[in-house]
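Down below is the structure, laid out as structure tokens.
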Amino acid sequence: MTKVVKGIYQPTSIKDWGKLEKGSDSKLFEPVKIGAWNLKTRTAMAPMTRCFADDETGVVGDDVVEYYRKRAADGVGLIITEGIIVSLRGKGNPKVPGLYTQEQIEGWKKVTEAVHKEGGTIIAQIWHVGRLSHHELTGFPPQAPSAIRAEGTVPRFRKPYDVPEAMSTEDIQELVGQFAQAAKNAIQAGFDGVEIHGAHGYLIDQFNSDVSNHRTDRYGGDLAQRLTLTKEILKAVIDAIGTERTMIRFSAHKSDNGDYMWEDPELAIRTFTDAFKEVGATMIHPSIMQFTRVLADGKTMHQLVRKYWDGVIVGVGSLDPVTAEKAIEDGTIDVAAFGRPMVSNPDFIQRIKTGLVLEEYEARKHLPVLI
Ligand SMILES: Cc1cc2nc3c(=O)[nH]c(=O)nc-3n(C[C@H](O)[C@H](O)[C@H](O)COP(=O)(O)O)c2cc1C
């Protein structure tokens with residue numbers, strides 16, 4: 001079982017993972033079509049910020065090309081990139097990549113070409129951190145639904161978050177346009193589509209949360225009303241590149257508050273899924289750090305989502321091959337995403353297929369390098 005240590009969910013040690021009974025014949029490794037994507041396997045690489053882009057330009061280099069190429073060659077069905085910012089003001093860590101200049105698009109083209117050569121599928125996670133930033137990173141005060149400072153310090157920058165600027169209606173319309181443009185840029189860069197980062201307490205999710213959104217206009221109110229920005233961005237991206245190339249991620253979990261949970265998880269999940277349906281979304285990626293955590297009515301997050309969602313679900317959160325296979329077999333999820341173990345094992349899929357020993361993920365050891 002997954003252990004909880006001071007709000008951080010530690011996956012079961014890889015040494016204790018069970019082996020797949022059916023080995024390479026497991027459902028996890030069968031091809032599947034979701035949206036416009038023909039995936040080699042029902043596996044995904046979860047989006048993971050790695051901070052290996054050029055800090056000045058936000059352009060990725062050959063090390064990033066090789067990092068994603070290896071995962072495609074390994075047989076990962078869907079690669080979801082690290083968060084890629086839609087504008088400079090969306091930046092919350094040094095050395096994160098962007099998707100708003102031609103130079104950045106050209107950098108990503110090398111990644112998508114390499115992945116496609118290996119028969120892989122890759123989508124760009126498009127991201128704006130909102131208030132989880134600092135003016136020294138961008139030259140501007142951070143933006144947010146309301147002028148409420150997040151608690152804590154900027155990761156990898158170690159300064160307290162700034163008090164953000166509350167966004168005007170014009171700022172919000174500009175932001176919607178930036179997400180739509182980033183989606184178009186992603187297609188120009190050769191990506192197979194995008195995932196909108198609507199999770200983890202970043203800007204879109206700051207609108208969704210009553211902690212960070214105290215607005216009294218149409219972007220504030222109860223959860224259904226606070227989801228107005230999510231719907232506008234989702235609709236603009238779907239209009240730009242099609243629903244069959246668009247996925248959205250959402251969560252209760254906040255980067256600045258790992259323990260946050262909705263007061264009524266089932267109601268929240270129903271409200272989120274209703275909003276997604278309203279604008280014609282078909283593929284979602286609910287995020288939780290612990291896949292097996294029961295939230296309500298004896299059900300896990302993904303089981304609650306499945307109750308209200310017939311479309312595609314990418315599951316994630318301390319999954320191991322056996323729990324992933326089971327969730328796919330019982331129809332809870334369509335594709336299983338793995339994060340940390342894919343950082344420490346560039347050949348993760350081959351290893352779980354053949355039962356080979358895996359390298360345990362250790363942040364200190366694995367994050368400073370790109371293997
Ligand atoms: C180093 C690191 C960076 C991450 N960066 C992102 C990110 O950019 N966008 C995102 O949506 N989630 C991010 N996550 C969360 C992962 O996508 C994933 O949901 C989480 O690691 C749980 O999956 P796992 O238990 O298989 O690691 C990150 C996780 C890690 C460990």
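Please note that chains go A, B, ... in the order of the structure tokens, that every chain numbers its residues from 1, and that ligands are numbered from 1 in the order shown.
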
Tyr361 of chain A surroundings by only C-alpha atoms, 6 Å radius, close-in-sequence under 4 positions cut, as a PyMOL selection string = chain A and resi 340-341+344

Do you know which residues are within 7 Å of ligand 1 using only C-alpha atoms and all ligand atoms? Can you write them as a ChimeraX atom specification?
-> /A:11,46-50,82-83,197,199-200,249,287-290,316-319,337-341,367

Among segment 17-197 of chain A, which ones does DSSP place in strand (DSSP E), written as a ChimeraX atom specification?
-> /A:32-34,37-39,43-45,78-85,121-127,143-144,165-166,193-197

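Take atom CA of Val322 of chain A and atom CA of Thr292 of chain A: the distance between them is 12.2 Å.
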
Neighbours of Ala53 of chain A within 9 Å (only C-alpha atoms; same-chain residues fewer than 2 positions away dropped), as a PDB file with N, CA and C atoms, in the first residue's frame?
```
ATOM      1  N   ARG A  50      11.086  19.126 -15.579  1.00  0.00           N
ATOM      2  CA  ARG A  50      12.458  18.684 -15.366  1.00  0.00           C
ATOM      3  C   ARG A  50      13.459  19.856 -15.341  1.00  0.00           C
ATOM      4  N   CYS A  51      13.060  21.034 -15.891  1.00  0.00           N
ATOM      5  CA  CYS A  51      13.925  22.225 -15.828  1.00  0.00           C
ATOM      6  C   CYS A  51      15.260  22.020 -16.545  1.00  0.00           C
ATOM      7  N   ASP A  55      17.285  28.873 -19.800  1.00  0.00           N
ATOM      8  CA  ASP A  55      16.484  29.733 -18.927  1.00  0.00           C
ATOM      9  C   ASP A  55      16.071  31.047 -19.598  1.00  0.00           C
ATOM     10  N   GLU A  56      16.942  31.567 -20.464  1.00  0.00           N
ATOM     11  CA  GLU A  56      16.663  32.844 -21.135  1.00  0.00           C
ATOM     12  C   GLU A  56      15.573  32.698 -22.188  1.00  0.00           C
ATOM     13  N   THR A  57      15.693  31.634 -22.992  1.00  0.00           N
ATOM     14  CA  THR A  57      14.828  31.518 -24.171  1.00  0.00           C
ATOM     15  C   THR A  57      13.683  30.528 -23.999  1.00  0.00           C
ATOM     16  N   GLY A  58      13.784  29.632 -23.023  1.00  0.00           N
ATOM     17  CA  GLY A  58      12.754  28.598 -22.859  1.00  0.00           C
ATOM     18  C   GLY A  58      12.775  27.572 -23.980  1.00  0.00           C
ATOM     19  N   VAL A  59      13.941  27.421 -24.628  1.00  0.00           N
ATOM     20  CA  VAL A  59      14.066  26.476 -25.754  1.00  0.00           C
ATOM     21  C   VAL A  59      14.699  25.183 -25.243  1.00  0.00           C
ATOM     22  N   VAL A  60      14.153  24.036 -25.709  1.00  0.00           N
ATOM     23  CA  VAL A  60      14.731  22.746 -25.294  1.00  0.00           C
ATOM     24  C   VAL A  60      15.832  22.323 -26.263  1.00  0.00           C
ATOM     25  N   GLY A  61      16.784  21.547 -25.750  1.00  0.00           N
ATOM     26  CA  GLY A  61      17.935  21.133 -26.561  1.00  0.00           C
ATOM     27  C   GLY A  61      17.962  19.632 -26.803  1.00  0.00           C
ATOM     28  N   VAL A  64      16.922  16.960 -24.168  1.00  0.00           N
ATOM     29  CA  VAL A  64      15.477  16.758 -24.002  1.00  0.00           C
ATOM     30  C   VAL A  64      14.936  15.893 -25.160  1.00  0.00           C
ATOM     31  N   PRO A  94      12.838  28.259 -12.644  1.00  0.00           N
ATOM     32  CA  PRO A  94      13.875  28.509 -13.646  1.00  0.00           C
ATOM     33  C   PRO A  94      13.930  27.341 -14.642  1.00  0.00           C
ATOM     34  N   LYS A  95      14.336  27.627 -15.865  1.00  0.00           N
ATOM     35  CA  LYS A  95      14.635  26.620 -16.888  1.00  0.00           C
ATOM     36  C   LYS A  95      13.450  25.753 -17.334  1.00  0.00           C
ATOM     37  N   VAL A  96      12.245  26.315 -17.239  1.00  0.00           N
ATOM     38  CA  VAL A  96      11.124  25.568 -17.815  1.00  0.00           C
ATOM     39  C   VAL A  96      10.952  26.000 -19.272  1.00  0.00           C
ATOM     40  N   PRO A  97      10.508  25.080 -20.129  1.00  0.00           N
ATOM     41  CA  PRO A  97      10.358  25.414 -21.545  1.00  0.00           C
ATOM     42  C   PRO A  97       9.069  26.173 -21.844  1.00  0.00           C
ATOM     43  N   GLY A  98       9.039  26.825 -23.010  1.00  0.00           N
ATOM     44  CA  GLY A  98       7.853  27.562 -23.447  1.00  0.00           C
ATOM     45  C   GLY A  98       7.345  27.070 -24.786  1.00  0.00           C
TER      46      GLY A  98
END
```

Neighbours of Tyr68 of chain A within 7 Å (only C-alpha atoms; same-chain residues fewer than 4 positions away dropped), as a PyMOL selection string?
-> chain A and resi 64+72+111+115

Write down as a ChimeraX atom specification the residues belonging to segment 95-181 of chain A that are assigned helix (DSSP H, G or I) by DSSP computed on the backbone.
-> /A:102-117,135-138,169-181

Output file for the residues above (N, CA and C atoms, as a compact mmCIF listing (two decimals), in the first residue's frame):
```txt
# COMPACT_ATOMS: atom_id res chain seq x y z
N GLN A 102 8.72 31.38 -31.84
CA GLN A 102 9.06 30.49 -32.97
C GLN A 102 10.27 29.63 -32.62
N GLU A 103 11.22 30.22 -31.89
CA GLU A 103 12.41 29.46 -31.50
C GLU A 103 12.04 28.26 -30.61
N GLN A 104 11.10 28.49 -29.71
CA GLN A 104 10.65 27.39 -28.84
C GLN A 104 9.96 26.31 -29.67
N ILE A 105 9.15 26.73 -30.63
CA ILE A 105 8.44 25.77 -31.50
C ILE A 105 9.47 24.93 -32.27
N GLU A 106 10.50 25.60 -32.79
CA GLU A 106 11.53 24.87 -33.56
C GLU A 106 12.24 23.85 -32.67
N GLY A 107 12.51 24.21 -31.41
CA GLY A 107 13.14 23.28 -30.47
C GLY A 107 12.28 22.03 -30.26
N TRP A 108 10.98 22.25 -30.07
CA TRP A 108 10.07 21.12 -29.84
C TRP A 108 9.92 20.24 -31.08
N LYS A 109 10.08 20.86 -32.28
CA LYS A 109 9.96 20.06 -33.52
C LYS A 109 10.93 18.90 -33.51
N LYS A 110 12.14 19.14 -32.97
CA LYS A 110 13.16 18.06 -32.94
C LYS A 110 12.70 16.93 -32.01
N VAL A 111 12.02 17.31 -30.93
CA VAL A 111 11.52 16.29 -29.99
C VAL A 111 10.42 15.47 -30.67
N THR A 112 9.46 16.14 -31.28
CA THR A 112 8.31 15.40 -31.85
C THR A 112 8.76 14.52 -33.02
N GLU A 113 9.73 15.03 -33.81
CA GLU A 113 10.23 14.21 -34.94
C GLU A 113 10.89 12.94 -34.41
N ALA A 114 11.70 13.08 -33.36
CA ALA A 114 12.41 11.92 -32.80
C ALA A 114 11.41 10.91 -32.24
N VAL A 115 10.39 11.41 -31.56
CA VAL A 115 9.38 10.52 -30.96
C VAL A 115 8.59 9.81 -32.08
N HIS A 116 8.21 10.54 -33.10
CA HIS A 116 7.43 9.93 -34.20
C HIS A 116 8.24 8.89 -34.96
N LYS A 117 9.55 9.14 -35.10
CA LYS A 117 10.42 8.16 -35.77
C LYS A 117 10.41 6.82 -35.04
N HIS A 135 8.29 37.67 -9.07
CA HIS A 135 8.56 38.64 -10.14
C HIS A 135 9.98 38.54 -10.70
N GLU A 136 10.93 38.04 -9.89
CA GLU A 136 12.31 37.94 -10.40
C GLU A 136 12.45 36.87 -11.49
N LEU A 137 11.48 35.98 -11.57
CA LEU A 137 11.52 34.94 -12.61
C LEU A 137 11.03 35.47 -13.96
N THR A 138 10.15 36.46 -13.91
CA THR A 138 9.47 36.88 -15.15
C THR A 138 9.58 38.38 -15.43
N THR A 169 -10.89 41.33 -16.50
CA THR A 169 -11.58 40.54 -17.53
C THR A 169 -10.75 40.51 -18.81
N GLU A 170 -10.07 41.63 -19.10
CA GLU A 170 -9.23 41.68 -20.32
C GLU A 170 -8.05 40.72 -20.16
N ASP A 171 -7.44 40.70 -18.96
CA ASP A 171 -6.33 39.76 -18.72
C ASP A 171 -6.80 38.32 -18.95
N ILE A 172 -8.02 38.04 -18.48
CA ILE A 172 -8.54 36.67 -18.61
C ILE A 172 -8.75 36.32 -20.08
N GLN A 173 -9.28 37.25 -20.83
CA GLN A 173 -9.49 36.98 -22.26
C GLN A 173 -8.15 36.77 -22.97
N GLU A 174 -7.14 37.55 -22.56
CA GLU A 174 -5.80 37.38 -23.14
C GLU A 174 -5.25 35.98 -22.81
N LEU A 175 -5.48 35.56 -21.58
CA LEU A 175 -5.01 34.23 -21.14
C LEU A 175 -5.67 33.12 -21.97
N VAL A 176 -6.97 33.22 -22.17
CA VAL A 176 -7.69 32.22 -22.97
C VAL A 176 -7.05 32.15 -24.36
N GLY A 177 -6.77 33.32 -24.91
CA GLY A 177 -6.13 33.39 -26.23
C GLY A 177 -4.74 32.75 -26.21
N GLN A 178 -4.02 32.93 -25.11
CA GLN A 178 -2.66 32.34 -25.02
C GLN A 178 -2.72 30.82 -25.00
N PHE A 179 -3.70 30.26 -24.31
CA PHE A 179 -3.82 28.79 -24.30
C PHE A 179 -4.18 28.28 -25.70
N ALA A 180 -5.10 28.99 -26.37
CA ALA A 180 -5.50 28.55 -27.73
C ALA A 180 -4.31 28.65 -28.67
N GLN A 181 -3.54 29.73 -28.53
CA GLN A 181 -2.37 29.92 -29.40
C GLN A 181 -1.31 28.85 -29.11
```

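The two atoms in question, atom CA of Asp74 of chain A and atom CA of Val369 of chain A, are spaced 19.0 Å apart.
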
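Take the candidates A:Leu267, A:Met247, A:Gly258, A:Phe29 and check each one against Gly152 of chain A using only C-alpha atoms; the shortest distance goes to A:Gly258.
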
What's the 10 Å shell around Pro265 of chain A, counting only C-alpha atoms, without same-chain residues fewer than 6 positions away, as a list in words?
-> Ala252, Thr271, Leu295, Ala296, Asp297, Thr300, Met301, Leu304 and Val305 of chain A

May I have the residues within 8 Å of Ser87 of chain A as a VMD selection string, using only C-alpha atoms and disregarding those fewer than 3 positions away in the same chain?
-> chain A and resid 90 to 91 98 to 100 128 178

Serialized selection, all heavy atoms, as a PDB file, in the first residue's frame:
```pdb
ATOM      1  N   GLY A  90       3.656  32.994 -17.232  1.00  0.00           N
ATOM      2  CA  GLY A  90       3.213  31.701 -16.717  1.00  0.00           C
ATOM      3  C   GLY A  90       4.314  30.910 -16.067  1.00  0.00           C
ATOM      4  O   GLY A  90       4.098  29.794 -15.605  1.00  0.00           O
ATOM      5  N   LYS A  91       5.519  31.490 -16.021  1.00  0.00           N
ATOM      6  CA  LYS A  91       6.701  30.761 -15.541  1.00  0.00           C
ATOM      7  C   LYS A  91       6.787  30.758 -14.012  1.00  0.00           C
ATOM      8  O   LYS A  91       6.649  31.806 -13.389  1.00  0.00           O
ATOM      9  CB  LYS A  91       7.936  31.447 -16.136  1.00  0.00           C
ATOM     10  CG  LYS A  91       9.268  30.812 -15.805  1.00  0.00           C
ATOM     11  CD  LYS A  91      10.375  31.496 -16.615  1.00  0.00           C
ATOM     12  CE  LYS A  91      11.731  30.956 -16.267  1.00  0.00           C
ATOM     13  NZ  LYS A  91      12.798  31.541 -17.103  1.00  0.00           N
ATOM     14  N   GLY A  98       9.039  26.825 -23.010  1.00  0.00           N
ATOM     15  CA  GLY A  98       7.853  27.562 -23.447  1.00  0.00           C
ATOM     16  C   GLY A  98       7.345  27.070 -24.786  1.00  0.00           C
ATOM     17  O   GLY A  98       7.993  26.240 -25.449  1.00  0.00           O
ATOM     18  N   LEU A  99       6.188  27.597 -25.160  1.00  0.00           N
ATOM     19  CA  LEU A  99       5.578  27.267 -26.456  1.00  0.00           C
ATOM     20  C   LEU A  99       4.885  28.519 -27.003  1.00  0.00           C
ATOM     21  O   LEU A  99       3.751  28.482 -27.455  1.00  0.00           O
ATOM     22  CB  LEU A  99       4.591  26.103 -26.274  1.00  0.00           C
ATOM     23  CG  LEU A  99       4.177  25.207 -27.446  1.00  0.00           C
ATOM     24  CD1 LEU A  99       5.314  24.913 -28.404  1.00  0.00           C
ATOM     25  CD2 LEU A  99       3.577  23.929 -26.947  1.00  0.00           C
ATOM     26  N   TYR A 100       5.603  29.664 -26.899  1.00  0.00           N
ATOM     27  CA  TYR A 100       5.008  30.917 -27.367  1.00  0.00           C
ATOM     28  C   TYR A 100       5.934  31.713 -28.271  1.00  0.00           C
ATOM     29  O   TYR A 100       5.584  32.812 -28.697  1.00  0.00           O
ATOM     30  CB  TYR A 100       4.525  31.775 -26.174  1.00  0.00           C
ATOM     31  CG  TYR A 100       5.599  32.039 -25.131  1.00  0.00           C
ATOM     32  CD1 TYR A 100       6.401  33.165 -25.200  1.00  0.00           C
ATOM     33  CD2 TYR A 100       5.803  31.144 -24.090  1.00  0.00           C
ATOM     34  CE1 TYR A 100       7.395  33.398 -24.260  1.00  0.00           C
ATOM     35  CE2 TYR A 100       6.800  31.360 -23.149  1.00  0.00           C
ATOM     36  CZ  TYR A 100       7.584  32.490 -23.238  1.00  0.00           C
ATOM     37  OH  TYR A 100       8.575  32.710 -22.305  1.00  0.00           O
ATOM     38  N   HIS A 128       0.234  27.427 -17.045  1.00  0.00           N
ATOM     39  CA  HIS A 128       0.479  28.777 -16.514  1.00  0.00           C
ATOM     40  C   HIS A 128       0.401  28.649 -14.998  1.00  0.00           C
ATOM     41  O   HIS A 128      -0.602  28.170 -14.475  1.00  0.00           O
ATOM     42  CB  HIS A 128      -0.590  29.753 -17.032  1.00  0.00           C
ATOM     43  CG  HIS A 128      -0.282  31.196 -16.763  1.00  0.00           C
ATOM     44  ND1 HIS A 128      -0.013  31.682 -15.498  1.00  0.00           N
ATOM     45  CD2 HIS A 128      -0.211  32.259 -17.594  1.00  0.00           C
ATOM     46  CE1 HIS A 128       0.210  32.997 -15.568  1.00  0.00           C
ATOM     47  NE2 HIS A 128       0.102  33.367 -16.828  1.00  0.00           N
ATOM     48  N   GLN A 178      -4.023  32.926 -25.111  1.00  0.00           N
ATOM     49  CA  GLN A 178      -2.663  32.338 -25.023  1.00  0.00           C
ATOM     50  C   GLN A 178      -2.720  30.818 -25.003  1.00  0.00           C
ATOM     51  O   GLN A 178      -1.880  30.151 -25.609  1.00  0.00           O
ATOM     52  CB  GLN A 178      -1.951  32.854 -23.765  1.00  0.00           C
ATOM     53  CG  GLN A 178      -1.503  34.294 -23.885  1.00  0.00           C
ATOM     54  CD  GLN A 178      -1.064  34.895 -22.559  1.00  0.00           C
ATOM     55  OE1 GLN A 178      -1.320  34.340 -21.483  1.00  0.00           O
ATOM     56  NE2 GLN A 178      -0.395  36.025 -22.628  1.00  0.00           N
TER      57      GLN A 178
END
```

Of A:Ser13, A:Gln206, A:Ile84, A:Glu244, the one sitting nearest Asn38 of chain A when using only C-alpha atoms is A:Glu244

Distance query segment 347-355 of chain A at most 12 Å, only C-alpha atoms, self and fewer than 6 positions along chain excluded, as a PyMOL selection string = chain A and resi 14-15+17-30+40-45+67-77+320-322+324-325+336-341+361+371
